[in-house]
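Colleague: One file: query_27.pdb (PDB, C-alpha atoms, pLDDT in the B column).
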MODEL        1
ATOM      1  CA  MET A  13      80.838  78.987  86.993  1.00 42.00           C
ATOM      2  CA  THR A  14      79.121  77.226  84.078  1.00 46.00           C
ATOM      3  CA  ASP A  15      75.370  77.491  83.609  1.00 44.00           C
ATOM      4  CA  LEU A  16      73.824  74.001  83.862  1.00 45.00           C
ATOM      5  CA  ALA A  17      71.524  74.799  80.931  1.00 47.00           C
ATOM      6  CA  GLN A  18      74.615  75.131  78.709  1.00 55.00           C
ATOM      7  CA  THR A  19      76.531  72.171  80.138  1.00 59.00           C
ATOM      8  CA  PRO A  20      76.139  68.978  78.048  1.00 69.00           C
ATOM      9  CA  ILE A  21      74.232  66.383  80.065  1.00 86.00           C
ATOM     10  CA  ILE A  22      75.214  62.716  80.127  1.00 89.00           C
ATOM     11  CA  GLU A  23      72.211  60.377  79.922  1.00 90.00           C
ATOM     12  CA  TRP A  24      72.198  56.946  81.610  1.00 91.00           C
ATOM     13  CA  GLU A  25      70.228  53.818  80.847  1.00 90.00           C
ATOM     14  CA  GLU A  26      68.824  51.722  83.701  1.00 91.00           C
ATOM     15  CA  PHE A  27      71.247  49.572  85.729  1.00 91.00           C
ATOM     16  CA  SER A  28      70.981  46.005  84.431  1.00 91.00           C
ATOM     17  CA  GLN A  29      71.481  43.239  86.996  1.00 90.00           C
ATOM     18  CA  LEU A  30      73.167  40.367  85.195  1.00 91.00           C
ATOM     19  CA  ALA A  31      73.442  38.181  88.307  1.00 92.00           C
ATOM     20  CA  VAL A  32      72.551  38.694  91.964  1.00 93.00           C
ATOM     21  CA  MET A  33      72.742  36.454  95.016  1.00 93.00           C
ATOM     22  CA  PRO A  34      71.186  36.320  97.594  1.00 93.00           C
ATOM     23  CA  ALA A  35      67.844  36.517  95.796  1.00 91.00           C
ATOM     24  CA  GLU A  36      66.507  39.189  98.178  1.00 92.00           C
ATOM     25  CA  ALA A  37      69.364  41.592  97.345  1.00 93.00           C
ATOM     26  CA  LYS A  38      68.309  44.468  95.124  1.00 91.00           C
ATOM     27  CA  ILE A  39      69.161  47.914  93.830  1.00 92.00           C
ATOM     28  CA  ALA A  40      67.385  50.263  96.245  1.00 93.00           C
ATOM     29  CA  SER A  41      67.970  53.398  94.201  1.00 94.00           C
ATOM     30  CA  VAL A  42      70.104  55.044  91.540  1.00 94.00           C
ATOM     31  CA  VAL A  43      70.778  58.757  92.001  1.00 94.00           C
ATOM     32  CA  LYS A  44      72.273  60.817  89.161  1.00 94.00           C
ATOM     33  CA  SER A  45      73.930  64.233  89.381  1.00 93.00           C
ATOM     34  CA  PRO A  46      72.302  67.039  87.347  1.00 92.00           C
ATOM     35  CA  ASP A  47      75.057  66.932  84.687  1.00 91.00           C
ATOM     36  CA  GLY A  48      75.116  63.113  84.618  1.00 91.00           C
ATOM     37  CA  ARG A  49      78.831  62.813  85.380  1.00 93.00           C
ATOM     38  CA  SER A  50      78.233  61.159  88.763  1.00 94.00           C
ATOM     39  CA  LEU A  51      75.958  58.315  89.735  1.00 94.00           C
ATOM     40  CA  SER A  52      75.276  56.602  93.090  1.00 96.00           C
ATOM     41  CA  ILE A  53      73.894  53.067  93.191  1.00 96.00           C
ATOM     42  CA  LEU A  54      72.499  52.041  96.592  1.00 96.00           C
ATOM     43  CA  PHE A  55      72.096  48.347  97.431  1.00 95.00           C
ATOM     44  CA  GLU A  56      69.645  46.740  99.820  1.00 95.00           C
ATOM     45  CA  GLY A  57      70.191  43.294 101.349  1.00 95.00           C
ATOM     46  CA  PHE A  58      73.458  42.704  99.512  1.00 96.00           C
ATOM     47  CA  GLU A  59      75.370  40.733 102.133  1.00 96.00           C
ATOM     48  CA  ALA A  60      76.887  37.375 102.987  1.00 96.00           C
ATOM     49  CA  ARG A  61      76.510  36.029 106.533  1.00 94.00           C
ATOM     50  CA  CYS A  62      77.584  32.840 108.253  1.00 92.00           C
ATOM     51  CA  ASP A  63      78.152  31.439 111.726  1.00 80.00           C
ATOM     52  CA  GLY A  64      80.054  28.415 112.878  1.00 68.00           C
ATOM     53  CA  SER A  65      77.051  26.778 114.544  1.00 71.00           C
ATOM     54  CA  GLY A  66      75.498  25.706 111.256  1.00 77.00           C
ATOM     55  CA  LYS A  67      76.395  27.647 108.184  1.00 83.00           C
ATOM     56  CA  LYS A  68      80.186  27.336 107.673  1.00 90.00           C
ATOM     57  CA  SER A  69      80.453  29.460 104.524  1.00 93.00           C
ATOM     58  CA  ALA A  70      78.467  32.029 102.562  1.00 94.00           C
ATOM     59  CA  ALA A  71      78.707  34.150  99.435  1.00 96.00           C
ATOM     60  CA  ALA A  72      77.044  37.125  97.803  1.00 96.00           C
ATOM     61  CA  VAL A  73      77.488  38.045  94.138  1.00 96.00           C
ATOM     62  CA  LEU A  74      76.361  41.023  92.104  1.00 95.00           C
ATOM     63  CA  MET A  75      77.171  41.610  88.457  1.00 95.00           C
ATOM     64  CA  GLY A  76      75.634  44.345  86.406  1.00 94.00           C
ATOM     65  CA  SER A  77      76.126  46.940  83.728  1.00 94.00           C
ATOM     66  CA  ILE A  78      75.010  50.438  82.919  1.00 93.00           C
ATOM     67  CA  GLU A  79      75.385  52.420  79.735  1.00 90.00           C
ATOM     68  CA  ALA A  80      76.127  56.131  79.454  1.00 89.00           C
ATOM     69  CA  HIS A  81      75.241  58.227  76.416  1.00 86.00           C
ATOM     70  CA  LEU A  82      77.538  61.208  75.974  1.00 84.00           C
ATOM     71  CA  PRO A  83      76.734  64.377  74.069  1.00 82.00           C
ATOM     72  CA  ALA A  84      78.545  65.063  70.801  1.00 78.00           C
ATOM     73  CA  LYS A  85      82.090  66.420  71.146  1.00 79.00           C
ATOM     74  CA  THR A  86      82.457  64.898  74.624  1.00 80.00           C
ATOM     75  CA  ASP A  87      85.120  62.244  75.213  1.00 82.00           C
ATOM     76  CA  TRP A  88      84.820  59.744  78.068  1.00 86.00           C
ATOM     77  CA  THR A  89      88.378  59.044  79.205  1.00 88.00           C
ATOM     78  CA  ALA A  90      88.034  57.070  82.445  1.00 92.00           C
ATOM     79  CA  THR A  91      85.737  56.090  85.301  1.00 94.00           C
ATOM     80  CA  ARG A  92      86.268  56.152  89.055  1.00 96.00           C
ATOM     81  CA  ALA A  93      84.200  53.955  91.389  1.00 96.00           C
ATOM     82  CA  ASP A  94      84.058  54.118  95.199  1.00 98.00           C
ATOM     83  CA  PHE A  95      82.656  50.900  96.689  1.00 97.00           C
ATOM     84  CA  ARG A  96      81.408  51.244 100.301  1.00 98.00           C
ATOM     85  CA  GLY A  97      80.722  48.418 102.712  1.00 97.00           C
ATOM     86  CA  GLN A  98      81.601  46.665 105.926  1.00 96.00           C
ATOM     87  CA  VAL A  99      83.087  43.423 107.203  1.00 96.00           C
ATOM     88  CA  ALA A 100      82.548  41.921 110.671  1.00 95.00           C
ATOM     89  CA  LEU A 101      84.603  38.867 111.721  1.00 94.00           C
ATOM     90  CA  LYS A 102      84.894  36.873 114.954  1.00 92.00           C
ATOM     91  CA  ASP A 103      87.030  33.984 116.168  1.00 89.00           C
ATOM     92  CA  GLY A 104      89.098  33.206 113.069  1.00 89.00           C
ATOM     93  CA  ALA A 105      86.452  33.853 110.412  1.00 92.00           C
ATOM     94  CA  ARG A 106      87.677  34.910 106.959  1.00 94.00           C
ATOM     95  CA  ALA A 107      86.164  37.277 104.368  1.00 96.00           C
ATOM     96  CA  THR A 108      87.272  37.857 100.788  1.00 97.00           C
ATOM     97  CA  VAL A 109      85.962  40.963  99.030  1.00 97.00           C
ATOM     98  CA  GLU A 110      86.458  41.169  95.238  1.00 98.00           C
ATOM     99  CA  LEU A 111      85.403  44.290  93.338  1.00 97.00           C
ATOM    100  CA  GLY A 112      85.370  45.000  89.617  1.00 96.00           C
ATOM    101  CA  LEU A 113      84.892  48.068  87.443  1.00 96.00           C
ATOM    102  CA  ALA A 114      85.205  47.379  83.705  1.00 93.00           C
ATOM    103  CA  ARG A 115      88.883  46.278  83.310  1.00 91.00           C
ATOM    104  CA  ALA A 116      89.896  47.007  86.913  1.00 95.00           C
ATOM    105  CA  VAL A 117      89.691  44.335  89.626  1.00 96.00           C
ATOM    106  CA  GLN A 118      90.695  44.480  93.273  1.00 96.00           C
ATOM    107  CA  GLY A 119      90.532  41.794  95.924  1.00 96.00           C
ATOM    108  CA  GLU A 120      91.304  41.591  99.608  1.00 95.00           C
ATOM    109  CA  THR A 121      91.085  38.842 102.210  1.00 95.00           C
ATOM    110  CA  MET A 122      90.643  39.663 105.892  1.00 93.00           C
ATOM    111  CA  VAL A 123      90.918  37.263 108.823  1.00 92.00           C
ATOM    112  CA  ALA A 124      89.787  37.722 112.440  1.00 89.00           C
ATOM    113  CA  PRO A 125      91.149  39.241 114.536  1.00 86.00           C
ATOM    114  CA  LEU A 126      91.264  42.350 112.345  1.00 83.00           C
ATOM    115  CA  PRO A 127      94.368  44.582 112.591  1.00 79.00           C
ATOM    116  CA  SER A 128      92.301  47.364 114.188  1.00 74.00           C
ATOM    117  CA  ASP A 129      91.596  45.139 117.229  1.00 76.00           C
ATOM    118  CA  SER A 130      87.875  45.479 116.562  1.00 82.00           C
ATOM    119  CA  ASN A 131      85.431  42.929 115.230  1.00 87.00           C
ATOM    120  CA  SER A 132      84.308  45.064 112.316  1.00 91.00           C
ATOM    121  CA  VAL A 133      85.625  47.527 109.774  1.00 91.00           C
ATOM    122  CA  GLU A 134      83.896  49.831 107.321  1.00 93.00           C
ATOM    123  CA  PHE A 135      85.661  50.177 103.985  1.00 94.00           C
ATOM    124  CA  VAL A 136      85.815  52.367 100.912  1.00 96.00           C
ATOM    125  CA  ARG A 137      87.732  50.937  97.966  1.00 96.00           C
ATOM    126  CA  THR A 138      88.407  53.022  94.876  1.00 97.00           C
ATOM    127  CA  LEU A 139      88.923  51.564  91.413  1.00 97.00           C
ATOM    128  CA  TYR A 140      89.779  53.351  88.173  1.00 96.00           C
ATOM    129  CA  SER A 141      89.250  52.086  84.640  1.00 94.00           C
ATOM    130  CA  ALA A 142      89.867  53.566  81.231  1.00 92.00           C
ATOM    131  CA  ALA A 143      86.815  54.058  79.027  1.00 88.00           C
ATOM    132  CA  GLU A 144      86.278  51.340  76.445  1.00 85.00           C
ATOM    133  CA  TYR A 145      85.196  52.707  73.091  1.00 78.00           C
ATOM    134  CA  ILE A 146      85.066  52.145  69.381  1.00 72.00           C
ATOM    135  CA  PRO A 147      86.543  55.204  67.625  1.00 68.00           C
ATOM    136  CA  ALA A 148      84.348  57.143  65.209  1.00 61.00           C
ATOM    137  CA  LYS A 149      84.637  55.718  61.684  1.00 62.00           C
ATOM    138  CA  VAL A 150      83.630  58.925  59.908  1.00 60.00           C
ATOM    139  CA  ASP A 151      84.866  62.350  60.899  1.00 61.00           C
ATOM    140  CA  GLY A 152      82.166  63.966  63.027  1.00 62.00           C
ATOM    141  CA  ASP A 153      80.613  60.680  64.210  1.00 66.00           C
ATOM    142  CA  VAL A 154      80.260  60.181  67.951  1.00 66.00           C
ATOM    143  CA  PRO A 155      82.380  57.281  69.277  1.00 68.00           C
ATOM    144  CA  ALA A 156      80.468  54.310  70.685  1.00 77.00           C
ATOM    145  CA  TYR A 157      81.277  53.431  74.302  1.00 84.00           C
ATOM    146  CA  ALA A 158      80.970  49.976  75.867  1.00 86.00           C
ATOM    147  CA  PRO A 159      78.569  49.583  78.798  1.00 89.00           C
ATOM    148  CA  LEU A 160      80.240  50.046  82.179  1.00 91.00           C
ATOM    149  CA  THR A 161      80.365  46.728  84.056  1.00 94.00           C
ATOM    150  CA  LEU A 162      80.399  46.339  87.852  1.00 95.00           C
ATOM    151  CA  SER A 163      81.024  43.193  89.862  1.00 96.00           C
ATOM    152  CA  VAL A 164      81.108  42.437  93.582  1.00 97.00           C
ATOM    153  CA  GLN A 165      81.822  39.062  95.150  1.00 97.00           C
ATOM    154  CA  LEU A 166      81.799  38.490  98.913  1.00 97.00           C
ATOM    155  CA  THR A 167      82.984  35.094 100.194  1.00 97.00           C
ATOM    156  CA  LEU A 168      83.017  34.023 103.860  1.00 96.00           C
ATOM    157  CA  SER A 169      84.444  31.079 105.766  1.00 94.00           C
ATOM    158  CA  CYS A 170      83.427  30.397 109.374  1.00 92.00           C
ATOM    159  CA  PRO A 171      85.413  27.540 110.950  1.00 90.00           C
ATOM    160  CA  GLY A 172      84.476  26.233 114.390  1.00 87.00           C
ATOM    161  CA  ASN A 173      82.355  28.710 116.332  1.00 87.00           C
ATOM    162  CA  SER A 174      83.363  31.757 114.290  1.00 90.00           C
ATOM    163  CA  SER A 175      80.956  34.148 112.572  1.00 92.00           C
ATOM    164  CA  ALA A 176      81.185  36.670 109.742  1.00 94.00           C
ATOM    165  CA  LEU A 177      79.250  39.312 107.848  1.00 95.00           C
ATOM    166  CA  ALA A 178      80.296  41.150 104.686  1.00 97.00           C
ATOM    167  CA  ALA A 179      78.150  43.730 102.914  1.00 97.00           C
ATOM    168  CA  VAL A 180      78.431  46.360 100.206  1.00 97.00           C
ATOM    169  CA  ASP A 181      76.035  49.279 100.652  1.00 96.00           C
ATOM    170  CA  SER A 182      76.750  51.448  97.622  1.00 97.00           C
ATOM    171  CA  VAL A 183      78.973  52.339  94.716  1.00 97.00           C
ATOM    172  CA  ASP A 184      79.565  55.889  93.514  1.00 97.00           C
ATOM    173  CA  LEU A 185      80.606  56.308  89.874  1.00 96.00           C
ATOM    174  CA  GLU A 186      82.250  59.339  88.352  1.00 95.00           C
ATOM    175  CA  LEU A 187      82.860  59.700  84.618  1.00 92.00           C
ATOM    176  CA  TRP A 188      85.940  61.633  83.586  1.00 91.00           C
ATOM    177  CA  VAL A 189      85.156  63.452  80.394  1.00 86.00           C
ATOM    178  CA  ARG A 190      86.747  66.190  78.289  1.00 81.00           C
TER     179      ARG A 190
ENDMDL
END
Would you write the structure of this file as structure tokens?
Modeller:
Amino acid sequence: MTDLAQTPIIEWEEFSQLAVMPAEAKIASVVKSPDGRSLSILFEGFEARCDGSGKKSAAAVLMGSIEAHLPAKTDWTATRADFRGQVALKDGARATVELGLARAVQGETMVAPLPSDSNSVEFVRTLYSAAEYIPAKVDGDVPAYAPLTLSVQLTLSCPGNSSALAAVDSVDLELWVR
């Protein structure tokens, strides 16, 4: 087992929210592992909600970036992100969940009734993206890495008397380094 005092530590800048809607949505906390290779971002109030009695559609959007600073002689090869959330749909409502991690994008549309014969489903979606970097120009220089971008878009449609809720609670990031 490696002594943490000898393990190079990855430093992170603050998460920068580039766009967020609804306005009350916020980053509740950012928790970093001791070696800096893993990071959990917890959201509060990041949801879209509609019901057929008045509000026929709704959306929630979050776009942000975070920058990692790697120690010398450490190469960042890829990133894994686990997005966690839930969708609840009734009476023909529709939800589209679109997730992005750097160059990777994944989208899914769900319509009530859900295949599980329940009104709601919790989800974990995993995305992978290669690290984006500018190679060192002089032997011995540390490569410069692009900030890691995250995006989440939740879109709901509630025809008739249907209702829907979509939310993302957190994203866990893991840097793959060598």
Colleague: Which one of A:Glu186, A:Glu110, A:Glu26, A:Asp87 sits closest to Thr167 in chain A if you count only C-alpha atoms?
Modeller: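 Closest to Thr167 in chain A of all the choices is A:Glu110.
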Colleague: Near Trp88 in chain A, within 7 Å and counting all atoms listed in the file, which residues show up once chain neighbours fewer than 2 positions away are dropped, as a list in words?
Modeller: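 Residues near the query, excluding close chain neighbours: Thr86, Ala90, Ala143, Leu187, Trp188, Val189 and Arg190 of chain A.
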Colleague: Can you tell me how far CA of Ile53 in chain A sits from CA of Pro127 in chain A, in Å to one decimal?
Modeller: 29.5 Å
Colleague: Using CA of Leu162 in chain A and CA of Lys68 in chain A as the two end points, give the distance in Å to one decimal.
Modeller: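 Here the two named atoms are 27.5 Å from each other.
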Colleague: Calculate how many Å separate CA of Ser132 in chain A from CA of Phe95 in chain A, rounding to one decimal.
Modeller: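 Answer for the CA of Ser132 in chain A to CA of Phe95 in chain A separation: 16.8 Å.
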Colleague: Which residue gives the smallest distance to Ala116 in chain A among A:Ser163, A:Ser77, A:Ser174, A:Ser182, with only C-alpha atoms counted?
Modeller: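 For Ala116 in chain A, the nearest of the candidates is A:Ser163.
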Colleague: Select all residues near (78.1, 35.3, 104.1) (cut-off 7 Å, inclusive, file coordinates), counting all atoms listed in the file, and output them as number ranges by chain.
Modeller: A: 59-62, 69-72, 167-168, 176-178
Colleague: Evaluated on this file, the PyMOL selection byres ((chain A and resi 107) around 9) picks out some residues - which ones are they, written as a list in words?
Modeller: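 That expression, the PyMOL selection byres ((chain A and resi 107) around 9), corresponds here to Val99, Ala100, Leu101, Ala105, Arg106, Thr108, Val109, Glu120, Thr121, Met122, Val123, Ala124, Leu166, Thr167, Leu168, Ser169, Cys170, Ala176, Leu177 and Ala178 of chain A.
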Colleague: Go ahead and save the picked residues with C-alpha atoms, as a PDB file, in the frame of the given file.
Modeller:
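Result went into selection_38.pdb, see below:
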ATOM      1  CA  VAL A  99      83.087  43.423 107.203  1.00 96.00           C
ATOM      2  CA  ALA A 100      82.548  41.921 110.671  1.00 95.00           C
ATOM      3  CA  LEU A 101      84.603  38.867 111.721  1.00 94.00           C
ATOM      4  CA  ALA A 105      86.452  33.853 110.412  1.00 92.00           C
ATOM      5  CA  ARG A 106      87.677  34.910 106.959  1.00 94.00           C
ATOM      6  CA  THR A 108      87.272  37.857 100.788  1.00 97.00           C
ATOM      7  CA  VAL A 109      85.962  40.963  99.030  1.00 97.00           C
ATOM      8  CA  GLU A 120      91.304  41.591  99.608  1.00 95.00           C
ATOM      9  CA  THR A 121      91.085  38.842 102.210  1.00 95.00           C
ATOM     10  CA  MET A 122      90.643  39.663 105.892  1.00 93.00           C
ATOM     11  CA  VAL A 123      90.918  37.263 108.823  1.00 92.00           C
ATOM     12  CA  ALA A 124      89.787  37.722 112.440  1.00 89.00           C
ATOM     13  CA  LEU A 166      81.799  38.490  98.913  1.00 97.00           C
ATOM     14  CA  THR A 167      82.984  35.094 100.194  1.00 97.00           C
ATOM     15  CA  LEU A 168      83.017  34.023 103.860  1.00 96.00           C
ATOM     16  CA  SER A 169      84.444  31.079 105.766  1.00 94.00           C
ATOM     17  CA  CYS A 170      83.427  30.397 109.374  1.00 92.00           C
ATOM     18  CA  ALA A 176      81.185  36.670 109.742  1.00 94.00           C
ATOM     19  CA  LEU A 177      79.250  39.312 107.848  1.00 95.00           C
ATOM     20  CA  ALA A 178      80.296  41.150 104.686  1.00 97.00           C
TER      21      ALA A 178
END
Colleague: Excluding Leu113 in chain A and residues on its chain fewer than 6 positions from it, collect all residues at most 9 Å away from it, counting all atoms listed in the file, and give them as a list in words.
Modeller: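 So, after excluding close chain neighbours, the residues are Thr91, Arg92, Ala93, Leu139, Tyr140, Ser141, Leu160, Thr161, Leu162 and Ser163 of chain A.
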Colleague: Could you turn the residues from that selection into a file that holds C-alpha atoms, as a PDB file, keeping the file's coordinate frame?
Modeller:
ATOM      1  CA  THR A  91      85.737  56.090  85.301  1.00 94.00           C
ATOM      2  CA  ARG A  92      86.268  56.152  89.055  1.00 96.00           C
ATOM      3  CA  ALA A  93      84.200  53.955  91.389  1.00 96.00           C
ATOM      4  CA  LEU A 139      88.923  51.564  91.413  1.00 97.00           C
ATOM      5  CA  TYR A 140      89.779  53.351  88.173  1.00 96.00           C
ATOM      6  CA  SER A 141      89.250  52.086  84.640  1.00 94.00           C
ATOM      7  CA  LEU A 160      80.240  50.046  82.179  1.00 91.00           C
ATOM      8  CA  THR A 161      80.365  46.728  84.056  1.00 94.00           C
ATOM      9  CA  LEU A 162      80.399  46.339  87.852  1.00 95.00           C
ATOM     10  CA  SER A 163      81.024  43.193  89.862  1.00 96.00           C
TER      11      SER A 163
END
Colleague: Would you pick out the contacts of Asn173 in chain A at 8 Å or less, using only C-alpha atoms, so that residues sharing its chain but fewer than 3 positions from it are not included, and give the list as a ChimeraX atom specification?
Modeller: /A:63-65,103,170
